[in-house]
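What follows is a single structure, written as structure tokens, with notes after it.
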Protein chains: 2
Amino acid sequence: MTVTLKGLRAFSSVARLGSFTRAAGLLHITQPALTVQIRQLEAALGLRLLDRTPHGAEPTAAGRELARSLEPLLRELDQTVSSLQDLAARRRGAARLAALPSVASGLLPPAMARLRATHPELHVRLHEAVTGQIYEMVRAGQVDLGIATDLKPGGELTVDPLFRDQILALLPPDHPLAERKAIPLALLAGERLLLLEPDSSIRRLVDDAFAREGRMVTPAQEAVHSGTLVGMAQAGLGIALLPSTAAELRMAPELAARPLGPPGIHRMVGLVRRGGRSLPPAAEALAEALRAEAALLAPPPRRPPNPPLRRAARLSPPPRRAG
Amino acid sequence: MTVTLKGLRAFSSVARLGSFTRAAGLLHITQPALTVQIRQLEAALGLRLLDRTPHGAEPTAAGRELARSLEPLLRELDQTVSSLQDLAARRRGAARLAALPSVASGLLPPAMARLRATHPELHVRLHEAVTGQIYEMVRAGQVDLGIATDLKPGGELTVDPLFRDQILALLPPDHPLAERKAIPLALLAGERLLLLEPDSSIRRLVDDAFAREGRMVTPAQEAVHSGTLVGMAQAGLGIALLPSTAAELRMAPELAARPLGPPGIHRMVGLVRRGGRSLPPAAEALAEALRAEAALLAPPPRRPPNPPLRRAARLSPPPRRAG
DNA sequence: TCACGGTCATAAGGATCCACTATCGGGGTC
DNA sequence: GACCCCGATAGTGGATCCTTATGACCGTGA
């Protein structure tokens with residue numbers, strides 16, 4: 001005894017076609033089922049909506065009124081639903097991403113190209129930031145996804161490993177240290193070092209590594225952008241320390257790039273998201289593209305057998321809440 | 001696996017209240033039932049709409065988008081439904097009526113007063129016409145209801161008897177014929193007669209009655225409006241023949257009104273509607289008021305035990321199709 | 001005039017759906 | 001650590017809905 005979407009659609013079809021039988025065919029049900037549907041709708045409204053004639057059915061005044069109001073409503077509802085299904089099918093939507101500058105220049109562009117190939121309608125809204133800011137933006141819901149160093153932040157954030165890269169020293173090929181396959185930190189300490197500013201996660205990584213060997217880092221030059229450091233290294237101003245995945249390394253093919261250590265300086269880069277929250281489909285697609293691109297880096301990152309990011313579109317069983 | 005109005009309402013409530021439990025209370029179902037409803041909606045859309053948290057539930061990006069589109073849609077639908085229910089409850093609507101002038105001045109006004117007393121929001125749109133036009137307007141759907149003489153029209157029209165009235169002669173009280181209780185047609189034939197124009201059903205009735213007695217009617221004066229004839233009778237211009245229910249008779253209390261015959265001239269006035277078509281609720285209410293008012297006329301009209309006009313609001317069993 | 005093809009209505013049976021009760025698992029709080 | 005609140009799950013009984021089969025009625029054409 002209640003108004004049903006099915007009943008309204010049924011009525012709309014009958015009113016439009018002027019026939020129970022034909023409308024039943026259109027709705028893929030039998031005519032008796034349609035008759036019952038209409039009767040229930042009429043009972044729910046307390047109104048006769050259709051006059052049955054020997055030639056079919058014809059809306060009453062009330063029926064015409066309902067049909068007129070109903071038509072745009074049903075159309076708009078269908079539009080809303082199909083728009084949401086577009087979103088679910090990743091034919092629409094934007095992923096809001098906060099990423100480290102090194103990843104934004106390195107891993108991200110090919111991942112975006114991959115995304116565009118598979119899901120051409122999806123957009124990426126990129127914010128470049130350092131790890132702390134990235135965590136904060138994910139926590140605040142300003143972005144769906146973050147790419148940052150894996151610092152195991154507490155609270156409501158979840159970080160899934162994406163790839164592991166290492167810090168490389170960028171130096172002139174005729175530099176004495178360039179003869180080595182890897183450059184010990186002890187030997188670097190006396191060199192003129194070109195480093196990112198202290199709020200960068202790479203800089204912190206470098207500082208920590210030197211500190212573990214009991215050394216203080218005193219950079220010859222600091223910069224915000226990796227490209228600046230590469231330019232300085234090209235000009236012979238010193239040795240730049242940059243992550244291996246940063247695209248800026250390719251700016252200067254004439255320079256030698258050497259790993260540090262042993263043991264070297266490594267960092268784990270991960271995908272950051274809010275635990276217990278499902279990712280929007282577009283962000284899910286971007287995450288997949290990023291993981292696929294990261295898998296091409298050797299060695300493949302150690303990852304648990306099941307991808308920690310579940311597909312939001314696969315609804316059963318739903319993801320457990322944040323743990 | 002389909003989108004349901006119930007499911008959409010359920011989602012809307014949960015999104016608005018931020019809690020399954022509270023929304024379930026609002027919807028008068030239990031929380032597990034609501035959980036299932038939401039799960040089915042999510043499955044139908046292929047999207048996660050709500051993120052479950054320990055404190056309740058919160059819409060995802062898709063959920064917010066749906067909630068935003070859904071709110072006006074549901075409100076408008078509810079409005080449409082309640083507007084139709086107003087119509088069904090006779091709190092709204094207009095009855096389109098075509099009536100004979102004599103009825104429009106006689107029976108109709110008290111019936112409209114009765115209607116206003118019981119259903120103050122209903123309107124009556126009145127067309128005054130002669131019987132042939134009335135039948136045509138009902139047939140064409142220009143009006144919902146007609147009041148005309150019962151000529152047993154064929155086709156798709158149904159006429160239900162409303163009342164029976166007779167033709168009265170209106171004449172000065174000092175006229176010799178006024179001494180009789182009833183005036184035979186034979187005596188009238190020699191008088192100066194004041195008659196309606198030939199397209200009126202009353203005129204045709206009078207003509208036919210005279211013709212059955214082998215006489216031709218030669219009116220001293222013709223008019224379109226009954227009031228004109230009454231005025232002429234008042235002025236001593238002749239004897240006016242008018243139906244007993246016409247309110248214009250009351251214009252001239254100083255004139256004597258006498259029935260004709262025996263056998264007199266009678267007519268049956270009936271409610272005309274399209275067979276197989278249900279009456280709009282407002283027209284149904286008007287018909288009821290008209291029947292109630294007609295029942296006050298003595299003698300009560302002979303009517304079948306069940307009112308031939310069924311109530312459109314009572315849906316089972318529905319009226320059979322046109323016979 | 002009678003059979004036929006069309007309409008919608010009705011009835012009965014079976015599958016499906018749905019809401020309820022009872023219970024569980026997890027998180028936060030005192 | 002013991003509650004309390006949250007949502008998820010399982011199981012069951014009842015309502016719902018669709019299907020097939022059939023009926024009543026109308027209009028048409030042989």
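FYI, nothing fancy with the structure tokens labels: chains A, B, ... in order, residues from 1 per chain, ligands from 1 as they appear.
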Would you mind listing what lies within 9 Å of range 201-203 of chain A as a ChimeraX atom specification, with only C-alpha atoms (C1' of nucleotides) counted and same-chain residues fewer than 2 positions away left out?
/A:100,130-132,148-149,167,195-199,205-208,241-243,267
All strand (DSSP E or B) positions in range 25-179 of chain B, as JSON, numbers by chain:
{"B": [50, 51, 52, 53, 56, 57, 58, 59, 94, 95, 96, 97, 98, 99, 123, 124, 125, 126, 127, 128, 145, 146, 147, 148, 149, 157, 158, 159, 160, 161, 162, 163, 164, 165, 166, 167, 168, 169, 170, 171]}
6 Å contacts from chain A to chain C using only C-alpha atoms (C1' of nucleotides), as a ChimeraX atom specification
/A:54-56
Dump N, CA, C and O atoms for the selected residues as a JSON list (two decimals), in the first residue's frame?
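Final output, saved to result_30.json:
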[["chain", "number", "residue", "atom", "x", "y", "z"],
["A", 54, "PRO", "N", -11.99, -0.70, -24.20],
["A", 54, "PRO", "CA", -11.80, -1.92, -25.00],
["A", 54, "PRO", "C", -10.55, -1.83, -25.88],
["A", 54, "PRO", "O", -10.04, -2.85, -26.34],
["A", 55, "HIS", "N", -10.08, -0.63, -26.12],
["A", 55, "HIS", "CA", -8.93, -0.50, -27.02],
["A", 55, "HIS", "C", -7.63, -0.34, -26.25],
["A", 55, "HIS", "O", -6.57, -0.20, -26.85],
["A", 56, "GLY", "N", -7.69, -0.31, -24.95],
["A", 56, "GLY", "CA", -6.46, -0.12, -24.18],
["A", 56, "GLY", "C", -6.76, 0.63, -22.91],
["A", 56, "GLY", "O", -7.73, 0.34, -22.24]]
Taking only C-alpha atoms into account, which residues of chain B are within 7 Å of chain A, as a ChimeraX atom specification?
/B:4-5,43,45-48,51-53,61-62,69,73,80,84-85,88,276-278,280,312-313,315,321
Interface residues on chain A facing chain D, 8 Å, only C-alpha atoms (C1' of nucleotides), written as a ChimeraX atom specification
/A:29-30,33,54
Would you please give, as a PyMOL selection string, all residues of range 96-212 of chain A that DSSP assigns to alpha helix (DSSP H) based on the backbone?
chain A and resi 101-105+108-118+131-139+185-188+201-212
To one decimal place, how far is CA of Ser226 in chain A from CA of Glu248 in chain A in Å?
6.5 Å
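Closest to Val159 in chain A among A:Ala285, A:Ala95, A:Met268, A:Ala67 is A:Met268, based on only C-alpha atoms.
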